[in-house]
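S.K.: To be precise about what I am sending: the file is called query.txt and holds compact mmCIF, C-alpha atoms.
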# COMPACT_ATOMS: atom_id res chain seq x y z
CA MET A 234 105.16 84.75 50.51
CA GLY A 235 102.66 85.54 47.72
CA LEU A 236 100.72 83.03 45.63
CA GLU A 237 103.10 83.71 42.73
CA ALA A 238 105.83 81.83 44.61
CA VAL A 239 103.67 78.79 45.29
CA GLY A 240 104.26 75.66 43.18
CA ASP A 241 101.60 74.35 40.82
CA LEU A 242 100.67 71.38 42.98
CA ALA A 243 100.33 73.50 46.11
CA LEU A 244 98.35 76.09 44.16
CA ASN A 245 95.95 73.38 43.01
CA GLU A 246 95.43 72.30 46.62
CA ILE A 247 94.84 75.91 47.72
CA LEU A 248 92.29 76.48 44.97
CA SER A 249 90.49 73.25 45.80
CA GLU A 250 90.03 74.54 49.35
CA LEU A 251 88.84 77.94 48.14
CA GLY A 252 86.01 76.43 46.14
CA PRO A 253 84.57 77.10 42.67
CA LYS A 254 83.47 80.71 43.24
CA GLU A 255 86.80 81.94 44.57
CA THR A 256 88.70 79.86 42.00
CA ALA A 257 86.87 81.69 39.21
CA LYS A 258 88.03 85.00 40.73
CA VAL A 259 91.65 83.81 40.98
CA ALA A 260 91.56 82.90 37.27
CA CYS A 261 91.23 86.60 36.47
CA VAL A 262 94.54 87.56 38.14
CA ASN A 263 97.07 86.41 35.52
CA LYS A 264 97.77 83.74 32.91
CA ARG A 265 99.46 81.32 35.30
CA PHE A 266 96.59 81.47 37.77
CA LYS A 267 94.09 81.09 34.95
CA ALA A 268 95.87 77.95 33.76
CA SER A 269 95.81 76.47 37.26
CA ALA A 270 92.21 77.53 37.87
CA THR A 271 90.98 75.83 34.71
CA GLU A 272 92.70 72.48 35.20
CA ASP A 273 90.11 69.75 34.89
CA SER A 274 91.56 67.77 37.78
CA LEU A 275 90.63 70.71 40.01
CA TRP A 276 87.09 70.90 38.67
CA SER A 277 86.67 67.14 39.02
CA LYS A 278 87.16 67.70 42.77
CA PHE A 279 84.50 70.41 42.76
CA CYS A 280 82.10 68.18 40.82
CA SER A 281 82.75 65.29 43.17
CA ARG A 282 82.40 67.40 46.31
CA ASP A 283 79.31 69.40 45.32
CA LEU A 284 77.49 67.00 42.99
CA ASP A 285 79.02 63.58 43.61
CA LEU A 286 79.90 63.30 39.93
CA SER A 287 82.53 60.75 38.94
CA ALA A 288 82.30 61.68 35.24
CA PRO A 289 81.58 64.98 33.47
CA VAL A 290 77.85 64.90 32.68
CA ASP A 291 75.13 67.52 32.36
CA PRO A 292 71.94 67.55 34.51
CA GLN A 293 70.27 65.17 32.05
CA GLY A 294 73.12 62.66 32.39
CA ASN A 295 74.66 63.36 28.98
CA PRO A 296 78.49 63.28 28.71
CA VAL A 297 80.22 66.65 28.27
CA PRO A 298 83.87 67.48 27.37
CA SER A 299 85.17 68.43 30.82
CA PHE A 300 84.37 68.66 34.52
CA LYS A 301 84.68 72.45 34.37
CA PHE A 302 82.11 72.58 31.59
CA ALA A 303 79.86 70.16 33.50
CA TYR A 304 80.02 72.26 36.66
CA GLY A 305 79.06 75.36 34.72
CA LEU A 306 76.08 73.61 33.15
CA TRP A 307 74.81 72.47 36.53
CA ARG A 308 75.15 75.94 38.03
CA GLU A 309 73.40 77.47 35.04
CA ALA A 310 70.55 74.93 35.06
CA PHE A 311 69.78 75.63 38.72
CA SER A 312 70.82 79.30 38.86
CA MET A 313 67.38 80.34 40.13
CA TYR A 314 67.76 78.23 43.31
CA PRO A 315 70.06 78.43 46.36
CA TRP A 316 73.05 76.23 45.55
CA PRO A 317 73.20 74.53 48.99
CA LEU A 318 69.61 73.40 48.46
CA VAL A 319 70.41 72.05 44.99
CA LYS A 320 73.33 70.04 46.37
CA ARG A 321 71.20 68.66 49.19
CA VAL A 322 68.37 67.61 46.87
CA LYS A 323 70.84 65.89 44.55
CA ARG A 324 72.28 63.94 47.48
CA CYS A 325 68.76 62.91 48.44
CA TRP A 326 67.91 61.61 44.97
CA ASP A 327 71.34 59.99 44.53
CA ARG A 328 70.84 57.96 47.70
CA LEU A 329 67.41 56.77 46.58
CA LYS A 330 68.45 56.02 43.00
CA ASN A 331 71.64 54.22 44.04
CA TRP A 332 69.65 51.97 46.38
CA LEU A 333 67.11 51.24 43.66
CA THR A 334 69.84 50.45 41.12
CA VAL A 335 71.33 47.80 43.39
CA ASN A 336 68.17 46.41 44.99
CA PHE A 337 65.09 47.29 42.96
CA PRO A 338 66.03 48.33 39.40
CA GLU A 339 62.54 47.74 38.03
CA ALA A 340 61.24 50.48 40.34
CA GLY A 341 64.18 52.72 39.46
CA ALA A 342 63.15 52.45 35.81
CA THR A 343 59.83 54.14 36.63
CA LEU A 344 61.52 57.36 37.83
CA GLN A 345 61.19 60.11 35.28
CA GLN A 346 63.70 62.70 34.10
CA GLY A 347 63.54 66.00 35.92
CA ALA A 348 60.73 68.43 35.11
CA SER A 349 61.42 71.74 33.43
CA GLU A 350 60.77 75.16 34.93
CA THR A 351 57.99 75.56 32.35
CA GLN A 352 56.23 72.41 33.61
CA ILE A 353 56.48 73.60 37.21
CA GLN A 354 55.14 77.04 36.31
CA GLN A 355 52.28 75.43 34.39
CA LEU A 356 51.27 73.41 37.46
CA GLU A 357 51.39 76.53 39.62
CA ALA A 358 49.25 78.46 37.16
CA VAL A 359 46.65 75.71 36.73
CA LEU A 360 46.32 74.84 40.43
CA LYS A 361 46.89 78.44 41.63
CA VAL A 362 49.61 77.45 44.12
CA LYS A 363 53.24 78.32 44.72
CA LEU A 364 55.37 75.24 45.31
CA PRO A 365 57.81 75.32 48.23
CA LEU A 366 61.40 75.72 47.00
CA PRO A 367 62.62 72.27 48.08
CA THR A 368 59.70 70.58 46.32
CA ARG A 369 60.41 72.57 43.15
CA VAL A 370 64.02 71.39 43.17
CA LEU A 371 62.97 67.81 43.94
CA TYR A 372 60.82 67.83 40.80
CA ARG A 373 63.60 69.44 38.77
CA PHE A 374 65.68 66.35 39.52
CA CYS A 375 62.92 63.74 39.16
CA ASN A 376 59.40 64.18 37.86
CA GLY A 377 57.82 61.39 39.88
CA GLN A 378 57.02 57.87 38.68
CA VAL A 379 55.24 56.55 35.58
CA PHE A 380 54.24 52.90 35.33
CA GLN A 381 54.16 50.96 32.09
CA ASP A 382 52.48 47.60 31.60
CA LYS A 383 55.87 46.07 30.84
CA ASP A 384 57.53 47.39 34.02
CA ALA A 385 56.83 44.48 36.36
CA PRO A 386 54.19 42.02 37.49
CA LYS A 387 51.24 43.50 39.32
CA SER A 388 49.57 42.09 42.37
CA ALA A 389 45.87 41.39 42.27
CA PHE A 390 45.28 44.85 43.71
CA GLY A 391 47.68 47.18 41.88
CA ASN A 392 51.25 48.02 40.95
CA SER A 393 54.04 47.10 43.37
CA LEU A 394 56.76 49.49 42.16
CA GLY A 395 56.03 52.50 44.37
CA LEU A 396 59.13 54.32 45.60
CA ILE A 397 57.68 54.62 49.10
CA GLY A 398 56.18 51.13 49.12
CA GLY A 399 53.77 50.04 51.80
CA TYR A 400 52.28 47.07 53.63
CA THR A 401 49.50 44.53 53.54
CA PHE A 402 47.20 42.85 56.03
CA TYR A 403 44.13 40.79 55.24
CA HIS A 404 42.79 42.37 52.01
CA HIS A 405 44.24 45.80 52.80
CA LEU A 406 47.15 46.47 50.44
CA VAL A 407 49.02 49.79 50.15
CA ASN A 408 51.86 50.71 47.80
CA VAL A 409 52.68 54.41 47.59
CA PHE A 410 54.29 56.10 44.58
CA LEU A 411 55.25 59.69 43.69
CA LEU A 412 53.05 61.45 41.17
CA PRO A 413 54.55 63.15 38.11
CA LEU A 414 53.47 66.78 37.62
CA ASP A 415 50.78 66.01 35.04
CA ARG A 416 49.23 63.51 37.47
CA VAL A 417 49.53 66.04 40.31
CA ILE A 418 47.39 68.43 38.26
CA MET A 419 44.88 65.79 37.15
CA ASP A 420 44.52 64.00 40.49
CA THR A 421 44.42 67.18 42.56
CA LYS A 422 41.56 68.51 40.42
CA GLN A 423 39.69 65.21 40.57
CA ILE A 424 40.10 64.67 44.31
CA MET A 425 39.19 68.27 45.16
CA ARG A 426 35.97 67.79 43.19
CA GLN A 427 35.24 64.46 44.88
CA LEU A 428 35.83 65.98 48.33
CA GLU A 429 33.83 69.08 47.32
CA ILE A 430 36.72 71.31 48.36
CA SER A 431 36.91 74.95 47.36
CA GLY A 432 38.26 78.25 48.61
CA SER A 433 41.54 78.66 50.50
CA PHE A 434 41.96 74.91 51.12
CA ARG A 435 41.97 74.28 47.41
CA ARG A 436 44.57 76.99 46.84
CA LYS A 437 46.93 75.47 49.41
CA PHE A 438 46.91 71.70 48.91
CA ILE A 439 48.02 69.46 46.07
CA VAL A 440 48.16 65.67 45.86
CA VAL A 441 51.78 64.51 45.49
CA ALA A 442 51.69 60.80 46.35
CA MET A 443 49.13 58.04 46.61
CA SER A 444 48.73 54.30 46.71
CA SER A 445 48.63 52.60 43.33
CA THR A 446 46.33 49.92 44.74
CA ILE A 447 42.58 49.86 45.17
CA GLN A 448 43.11 50.92 48.80
CA GLU A 449 42.91 54.71 48.95
CA LYS A 450 45.82 56.46 50.62
CA LEU A 451 46.46 60.09 49.69
CA PHE A 452 49.31 62.47 50.55
CA PHE A 453 48.68 66.21 50.33
CA LEU A 454 51.36 68.91 50.26
CA ASN A 455 50.42 72.21 51.86
CA CYS A 456 52.14 74.62 49.49
CA THR A 457 51.85 77.50 51.96
CA ASN A 458 53.69 76.06 54.96
CA GLY A 459 55.47 73.12 53.27
CA GLN A 460 53.94 70.39 55.45
CA LEU A 461 52.97 67.00 54.02
CA TYR A 462 49.71 65.44 55.19
CA VAL A 463 48.10 62.02 54.80
CA GLY A 464 44.36 61.50 54.76
CA THR A 465 42.65 59.49 57.51
CA ARG A 466 39.47 57.43 57.42
CA ASN A 467 37.54 60.70 57.86
CA LEU A 468 39.15 62.51 54.93
CA ALA A 469 36.03 62.35 52.77
CA THR A 470 33.66 63.52 55.53
CA ASP A 471 35.74 65.91 57.65
CA LEU A 472 38.91 66.54 55.59
CA GLU A 473 40.77 64.90 58.48
CA MET A 474 44.52 64.62 57.84
CA MET A 475 47.69 63.99 59.83
CA PRO A 476 51.10 65.68 59.36
CA CYS A 477 53.79 63.32 58.04
CA VAL A 478 56.87 65.20 59.26
CA PRO A 479 57.62 67.03 62.55
CA THR A 480 56.36 70.57 61.98
CA GLY A 481 59.22 72.08 63.96
CA LEU A 482 61.70 70.96 61.29
CA LEU A 483 60.10 73.01 58.49
CA ARG A 484 61.73 76.32 57.64
CA SER A 485 62.24 78.93 54.93
CA VAL A 486 60.11 77.02 52.41
CA HIS A 487 59.65 80.11 50.19
CA ASP A 488 62.77 82.14 51.07
CA PHE A 489 65.20 82.34 48.14
CA ASN A 490 67.74 84.22 50.26
CA SER A 491 68.13 81.51 52.89
CA ASP A 492 70.38 78.47 52.67
CA GLN A 493 68.34 76.60 55.30
CA GLN A 494 65.26 75.65 53.27
CA GLN A 495 63.60 72.36 54.10
CA ASP A 496 60.00 71.39 53.53
CA ALA A 497 58.26 68.14 54.40
CA MET A 498 58.74 66.58 50.96
CA LEU A 499 62.52 66.88 51.20
CA LEU A 500 62.67 65.71 54.81
CA TRP A 501 60.28 62.81 54.03
CA LEU A 502 62.32 61.55 51.08
CA GLU A 503 65.60 61.99 52.96
CA GLU A 504 64.27 59.93 55.87
CA HIS A 505 62.93 57.28 53.49
CA GLY A 506 66.34 57.05 51.78
CA ARG A 507 68.08 56.71 55.15
CA ARG A 508 65.73 53.90 56.22
CA LEU A 509 66.37 52.04 52.97
CA GLN A 510 70.14 52.51 53.08
CA ASP A 511 70.37 51.47 56.73
CA GLY A 512 68.29 48.34 56.13
CA ILE A 513 65.51 49.44 58.49
CA ILE A 514 63.05 48.66 55.70
CA LYS A 515 63.67 46.23 52.85
CA LEU A 516 62.20 44.57 49.79
CA GLN A 517 59.60 41.89 50.30
CA GLU A 518 59.05 39.18 47.72
CA GLU A 519 55.86 37.21 47.32
CA GLY A 520 55.75 34.97 44.29
CA ASN A 521 57.08 37.03 41.41
CA VAL A 522 56.03 40.35 42.96
CA ARG A 523 58.58 42.51 44.76
CA ALA A 524 57.82 45.66 46.72
CA ILE A 525 59.36 47.97 49.32
CA CYS A 526 57.90 46.89 52.64
CA GLN A 527 57.41 49.45 55.42
CA PHE A 528 57.49 46.89 58.25
CA PRO A 529 60.77 47.62 60.11
CA GLU A 530 63.47 44.96 60.07
CA LYS A 531 65.86 46.26 62.76
CA PRO A 532 65.60 46.92 66.51
CA PRO A 533 64.24 48.70 68.41
CA LEU A 534 61.26 48.75 66.03
CA CYS A 535 61.63 45.04 65.23
CA SER A 536 61.95 42.37 67.92
CA THR A 537 63.63 38.98 67.57
CA ALA A 538 63.36 35.91 69.78
CA ILE A 539 64.64 32.35 69.29
CA THR A 540 63.07 29.51 71.29
CA ASN A 541 64.13 25.87 70.78
CA GLY A 542 65.34 26.73 67.28
CA VAL A 543 62.18 28.63 66.25
CA LYS A 544 62.99 32.21 65.31
CA VAL A 545 60.26 34.86 65.44
CA ARG A 546 60.67 38.45 64.26
CA ALA A 547 57.89 40.98 64.78
CA SER A 548 57.29 44.65 63.96
CA ALA A 549 54.45 47.06 63.34
CA VAL A 550 53.64 49.99 61.10
CA PHE A 551 51.20 52.84 61.66
CA VAL A 552 48.18 52.81 59.32
CA PRO A 553 47.03 56.45 58.95
CA GLU A 554 44.31 55.77 56.38
CA ALA A 555 42.44 53.70 59.02
CA VAL A 556 42.75 56.32 61.78
CA ASP A 557 39.67 57.95 63.29
CA LEU A 558 40.82 60.83 65.50
CA GLU A 559 37.25 61.32 66.73
CA ASP A 560 36.97 57.75 68.08
CA SER A 561 38.23 57.60 71.65
CA SER A 562 38.47 53.79 71.81
CA GLU A 563 39.87 52.90 68.36
CA LYS A 564 41.60 56.14 67.40
CA TYR A 565 44.87 54.72 66.05
CA TRP A 566 45.45 51.63 63.91
CA PHE A 567 48.58 49.54 63.52
CA ALA A 568 49.40 46.66 61.20
CA TYR A 569 51.92 44.12 62.45
CA SER A 570 54.01 41.54 60.63
CA ILE A 571 55.17 38.24 62.11
CA ARG A 572 58.03 36.34 60.43
CA MET A 573 58.74 32.85 61.78
CA SER A 574 61.28 30.26 60.70
CA LEU A 575 63.12 27.19 61.88
CA LEU A 576 66.89 27.47 62.15
CA PRO A 577 68.97 25.17 59.86
CA GLU A 578 69.88 23.09 62.93
CA GLY A 579 66.20 22.28 63.39
CA CYS A 580 64.15 22.18 66.58
CA PHE A 581 65.83 21.15 69.85
CA ILE A 582 63.77 20.32 72.95
CA ASN A 583 65.36 18.86 76.07
CA GLY A 584 68.33 17.61 74.08
CA MET A 585 66.21 15.98 71.39
CA TYR A 586 66.29 17.01 67.71
CA PHE A 587 63.18 17.33 65.55
CA GLY A 588 63.20 18.02 61.81
CA SER A 589 59.98 20.02 61.83
CA CYS A 590 57.43 21.68 64.05
CA GLN A 591 53.95 23.03 63.45
CA LEU A 592 52.08 25.95 64.98
CA GLN A 593 49.00 25.12 66.98
CA ARG A 594 47.95 28.20 68.98
CA ARG A 595 48.68 31.89 69.51
CA HIS A 596 48.59 34.16 72.57
CA TRP A 597 48.75 37.96 72.40
CA ILE A 598 49.02 40.63 75.08
CA ILE A 599 48.44 44.17 73.83
CA TYR A 600 49.44 47.24 75.85
CA ALA A 601 48.40 50.88 75.57
CA ASN A 602 50.58 53.33 77.50
CA GLY A 603 51.91 50.40 79.53
CA ASN A 604 48.49 49.04 80.53
CA ILE A 605 47.11 45.73 79.27
CA VAL A 606 44.12 46.39 77.03
CA SER A 607 43.79 42.96 75.41
CA ASP A 608 44.82 39.41 76.32
CA VAL A 609 43.66 36.91 73.73
CA SER A 610 44.37 33.31 72.79
CA GLY A 611 43.20 31.20 69.92
CA GLU A 612 44.01 28.49 67.45
CA ALA A 613 46.12 29.07 64.33
CA VAL A 614 47.18 32.42 62.80
CA ILE A 615 44.88 33.94 60.17
CA GLY A 616 43.35 30.48 59.84
CA LYS A 617 46.66 28.75 59.10
CA TYR A 618 48.84 26.22 60.93
CA PRO A 619 52.29 26.83 59.41
CA LEU A 620 54.68 23.87 59.28
CA LEU A 621 58.30 24.97 59.76
CA LEU A 622 61.19 23.05 58.21
CA PRO A 623 64.93 23.73 58.73
CA GLY A 624 66.38 26.49 56.57
CA GLU A 625 63.20 27.23 54.63
CA ARG A 626 61.95 30.75 53.93
CA ASP A 627 60.08 32.59 56.66
CA PHE A 628 56.40 32.04 57.08
CA VAL A 629 55.05 35.59 57.11
CA TYR A 630 51.66 36.82 58.10
CA GLN A 631 50.17 40.22 58.90
CA SER A 632 47.33 41.37 61.06
CA CYS A 633 46.18 44.63 62.66
CA THR A 634 44.94 46.10 65.89
CA PRO A 635 43.35 49.38 67.00
CA LEU A 636 44.67 51.38 69.94
CA SER A 637 43.11 54.19 71.94
CA THR A 638 46.51 55.82 72.48
CA SER A 639 49.40 56.70 70.17
CA SER A 640 51.83 54.46 72.05
CA GLY A 641 51.68 50.81 72.98
CA SER A 642 53.22 47.41 72.37
CA ILE A 643 52.50 43.73 71.74
CA GLU A 644 54.10 40.59 73.12
CA GLY A 645 53.02 37.00 73.20
CA SER A 646 53.80 33.43 72.29
CA PHE A 647 52.99 30.62 69.89
CA THR A 648 52.38 27.03 70.85
CA PHE A 649 54.19 24.61 68.55
CA VAL A 650 54.12 20.83 68.30
CA PRO A 651 57.34 19.00 67.34
CA GLY A 652 56.79 17.06 64.12
CA ARG A 653 53.29 17.67 62.74
CA LEU A 654 49.88 18.22 64.30
CA VAL A 655 48.66 14.96 62.75
CA ASP A 656 51.79 13.12 63.90
CA PRO A 657 53.27 14.84 66.99
CA LYS A 658 56.73 13.68 68.07
CA GLY A 659 56.60 15.21 71.52
CA ALA A 660 54.78 17.53 73.89
CA PRO A 661 53.74 21.05 72.77
CA PHE A 662 56.16 23.86 73.62
CA GLU A 663 55.90 27.65 73.86
CA VAL A 664 57.78 29.98 71.48
CA GLU A 665 58.32 33.56 72.59
CA VAL A 666 57.26 36.60 70.57
CA ALA A 667 59.37 39.38 72.08
CA ARG A 668 57.65 42.68 72.74
CA PHE A 669 57.57 45.10 69.82
CA PRO A 670 56.32 48.70 69.82
CA LEU A 671 53.15 50.25 68.46
CA GLN A 672 53.83 53.94 68.19
CA LEU A 673 52.81 57.00 66.23
CA PRO A 674 56.01 57.75 64.28
CA ASP A 675 57.62 61.13 63.65
CA TYR A 676 57.60 60.33 59.92
CA ILE A 677 54.46 58.77 58.45
CA PHE A 678 54.80 56.81 55.21
Go ahead and express the file in the form of structure tokens.

M.R.:
Amino acid sequence: MGLEAVGDLALNEILSELGPKETAKVACVNKRFKASATEDSLWSKFCSRDLDLSAPVDPQGNPVPSFKFAYGLWREAFSMYPWPLVKRVKRCWDRLKNWLTVNFPEAGATLQQGASETQIQQLEAVLKVKLPLPTRVLYRFCNGQVFQDKDAPKSAFGNSLGLIGGYTFYHHLVNVFLLPLDRVIMDTKQIMRQLEISGSFRRKFIVVAMSSTIQEKLFFLNCTNGQLYVGTRNLATDLEMMPCVPTGLLRSVHDFNSDQQQDAMLLWLEEHGRRLQDGIIKLQEEGNVRAICQFPEKPPLCSTAITNGVKVRASAVFVPEAVDLEDSSEKYWFAYSIRMSLLPEGCFINGMYFGSCQLQRRHWIIYANGNIVSDVSGEAVIGKYPLLLPGERDFVYQSCTPLSTSSGSIEGSFTFVPGRLVDPKGAPFEVEVARFPLQLPDYIF
């Protein structure tokens, strides 16, 4: 039986399985096929499947008359790039933007419209580099972040709206954002001068992300091999950097004829979007300042223990900007976050209920490759004696520790007093801090 004998509904289903390219060919056969091949319901399926569009819009988000017209505009706008790569990059940005819309709209407002081919070519000409294909497409969809004074409150150290976010411990505050192309040009030039870099290094690397705070943290894209690097403590003296993505995953970063292109920028943003969507990392609020916090919130990277109604969650994050790969004893640095709270039911000890409890002491055991390297006890945490009350917000504090190896862990306990330290209602009791890992991650943010 030929296609001529197939009903309109069945023909629509067949064409939807063939895809846009083959459907365009079928439209050339005869008038009936052309009518079926141009039905907007069919092209709405193609737009939904390829571009996740629920309404006919052009690449700038402007409404257009039909899904067929919209699909054509998208193909034309990105005709110089492999279509599978374009679809993948759009999925990546959609995931990030959708999460921001629901959870962090003030940061979403800082994302810029996509850059033009002219802007990308200008960057390449000025910096004498050739951007990897995935990074080019990423910038075509979104030209980084721009902060305005009206965007949101700032912390004492800088803006908190970075797409990548960060962490804080003591006076060390990091919040990483994506640079727009004009900042890539300006900051790359400035940093190369400061680091006194010239020659082949200068023709390979560009700065694509950094912390908006006073704490320096710089991300460099190697435009030749597509790897993303972050500077260590020795960046200024030895140009020491660490790769942010597993090198074995990079492929075809300059090959237009492949449909397997992936550079570190794409993989890095995809992984970041997955971590946000899965709730592995979340927003942290302190006063009226909100920021994406890189301390993990889910196991196995985050541990949870409840003792006598006191709940303690703990996790760590790798701190590359503090790393010294030449130091055998304190090579790697990790920040860790402790979140403690009292359950709504209060504190129960030996069948007795207490409406509050207060921290008195801490005890930490730190392991490197399974061996104990530190066993310390002391009063308070960062000089504080938190008082926990039922159902109140977590008391959160951060600290840091060096490690000679790339893998380790921490466990310990807190000593609490039921009631208050000045008015104890019973004997002190121990609260467990379950072991949580310190490990060099595959993806460094």

S.K.: Mind pulling up the distance from CA of Ser548 (chain A) to CA of Cys526 (chain A)?

M.R.: 11.6 Å

S.K.: Please, which residues in region 344-385 of chain A fall within 10 Å of region 326-333 of chain A when counting only C-alpha atoms, and what is the closest atom pair and distance in Å to one decimal for each, ordered by chain then residue number, as a tab-separated table?

M.R.:
residue	atom	partner	partner_atom	distance
A:Leu344	CA	A:Lys330	CA	8.7
A:Leu371	CA	A:Trp326	CA	8.0
A:Phe374	CA	A:Trp326	CA	7.6
A:Cys375	CA	A:Trp326	CA	7.9

S.K.: Which residue gives the smallest distance to Gln423 (chain A) among A:Thr465, A:Tyr630, A:Leu360, A:Leu472, with only C-alpha atoms counted?

M.R.: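 Using only C-alpha atoms, the shortest distance to Gln423 (chain A) belongs to A:Leu360.
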
S.K.: Which is closest to Leu396 (chain A) among A:Glu559, A:Glu350, A:Asp382, A:Glu339, if we use all atoms listed in the file?

M.R.: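 Comparing A:Glu559, A:Glu350, A:Asp382, A:Glu339 against Leu396 (chain A), the winner is A:Glu339.
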
S.K.: Using only C-alpha atoms, which protein or nucleic acid residues come within 10 Å of Arg321 (chain A)? Drop anything in the same chain fewer than 3 positions from it, and give the result as a list in words.

M.R.: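 Result of the neighbour search: Asp283, Leu284, Trp316, Pro317, Leu318, Arg324, Cys325, Trp326, Asp327, Pro367, Val370, Leu371, Gln495, Leu499 and Glu503 of chain A.
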
S.K.: Could you list as a ChimeraX atom specification every residue that has an atom within 12 Å of (47.9, 61.0, 38.3), using the file's coordinates and counting only C-alpha atoms?

M.R.: /A:376-380,410-424,439-445,451

S.K.: Go ahead and save the residues from that selection, with C-alpha atoms, as an mmCIF file, keeping the file's coordinate frame.

M.R.:
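Contents of result30.cif, as written:
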data_model
loop_
_atom_site.group_PDB
_atom_site.id
_atom_site.type_symbol
_atom_site.label_atom_id
_atom_site.label_comp_id
_atom_site.auth_asym_id
_atom_site.auth_seq_id
_atom_site.Cartn_x
_atom_site.Cartn_y
_atom_site.Cartn_z
ATOM 1 C CA ASN A 376 59.400 64.180 37.860
ATOM 2 C CA GLY A 377 57.820 61.390 39.880
ATOM 3 C CA GLN A 378 57.020 57.870 38.680
ATOM 4 C CA VAL A 379 55.240 56.550 35.580
ATOM 5 C CA PHE A 380 54.240 52.900 35.330
ATOM 6 C CA PHE A 410 54.290 56.100 44.580
ATOM 7 C CA LEU A 411 55.250 59.690 43.690
ATOM 8 C CA LEU A 412 53.050 61.450 41.170
ATOM 9 C CA PRO A 413 54.550 63.150 38.110
ATOM 10 C CA LEU A 414 53.470 66.780 37.620
ATOM 11 C CA ASP A 415 50.780 66.010 35.040
ATOM 12 C CA ARG A 416 49.230 63.510 37.470
ATOM 13 C CA VAL A 417 49.530 66.040 40.310
ATOM 14 C CA ILE A 418 47.390 68.430 38.260
ATOM 15 C CA MET A 419 44.880 65.790 37.150
ATOM 16 C CA ASP A 420 44.520 64.000 40.490
ATOM 17 C CA THR A 421 44.420 67.180 42.560
ATOM 18 C CA LYS A 422 41.560 68.510 40.420
ATOM 19 C CA GLN A 423 39.690 65.210 40.570
ATOM 20 C CA ILE A 424 40.100 64.670 44.310
ATOM 21 C CA ILE A 439 48.020 69.460 46.070
ATOM 22 C CA VAL A 440 48.160 65.670 45.860
ATOM 23 C CA VAL A 441 51.780 64.510 45.490
ATOM 24 C CA ALA A 442 51.690 60.800 46.350
ATOM 25 C CA MET A 443 49.130 58.040 46.610
ATOM 26 C CA SER A 444 48.730 54.300 46.710
ATOM 27 C CA SER A 445 48.630 52.600 43.330
ATOM 28 C CA LEU A 451 46.460 60.090 49.690
#

S.K.: So which residues are close to (59.9, 23.1, 62.6), meaning at most 9 Å away in the file's coordinates with all atoms listed in the file counted, and can you show them as a PyMOL selection string?

M.R.: chain A and resi 542-543+574-576+579-580+587-592+620-623+649-653

S.K.: Between CA of Arg668 (chain A) and CA of Leu516 (chain A), what is the spacing in Å?

M.R.: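 Separating CA of Leu516 (chain A) from CA of Arg668 (chain A) is a distance of 23.5 Å.
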
S.K.: Need the shell around Ile643 (chain A): protein/DNA/RNA residues with any atom at most 6 Å away, counting only C-alpha atoms. Skip same-chain ones fewer than 6 positions apart. Format as a VMD selection string?

M.R.: chain A and resid 598 to 599 668 to 669

S.K.: Given the choices A:Arg595, A:Lys320, A:Arg282, A:His405, which gets closest to Gly616 (chain A) if the distance is worked out from all atoms listed in the file?

M.R.: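 Comparing A:Arg595, A:Lys320, A:Arg282, A:His405 against Gly616 (chain A), the winner is A:Arg595.
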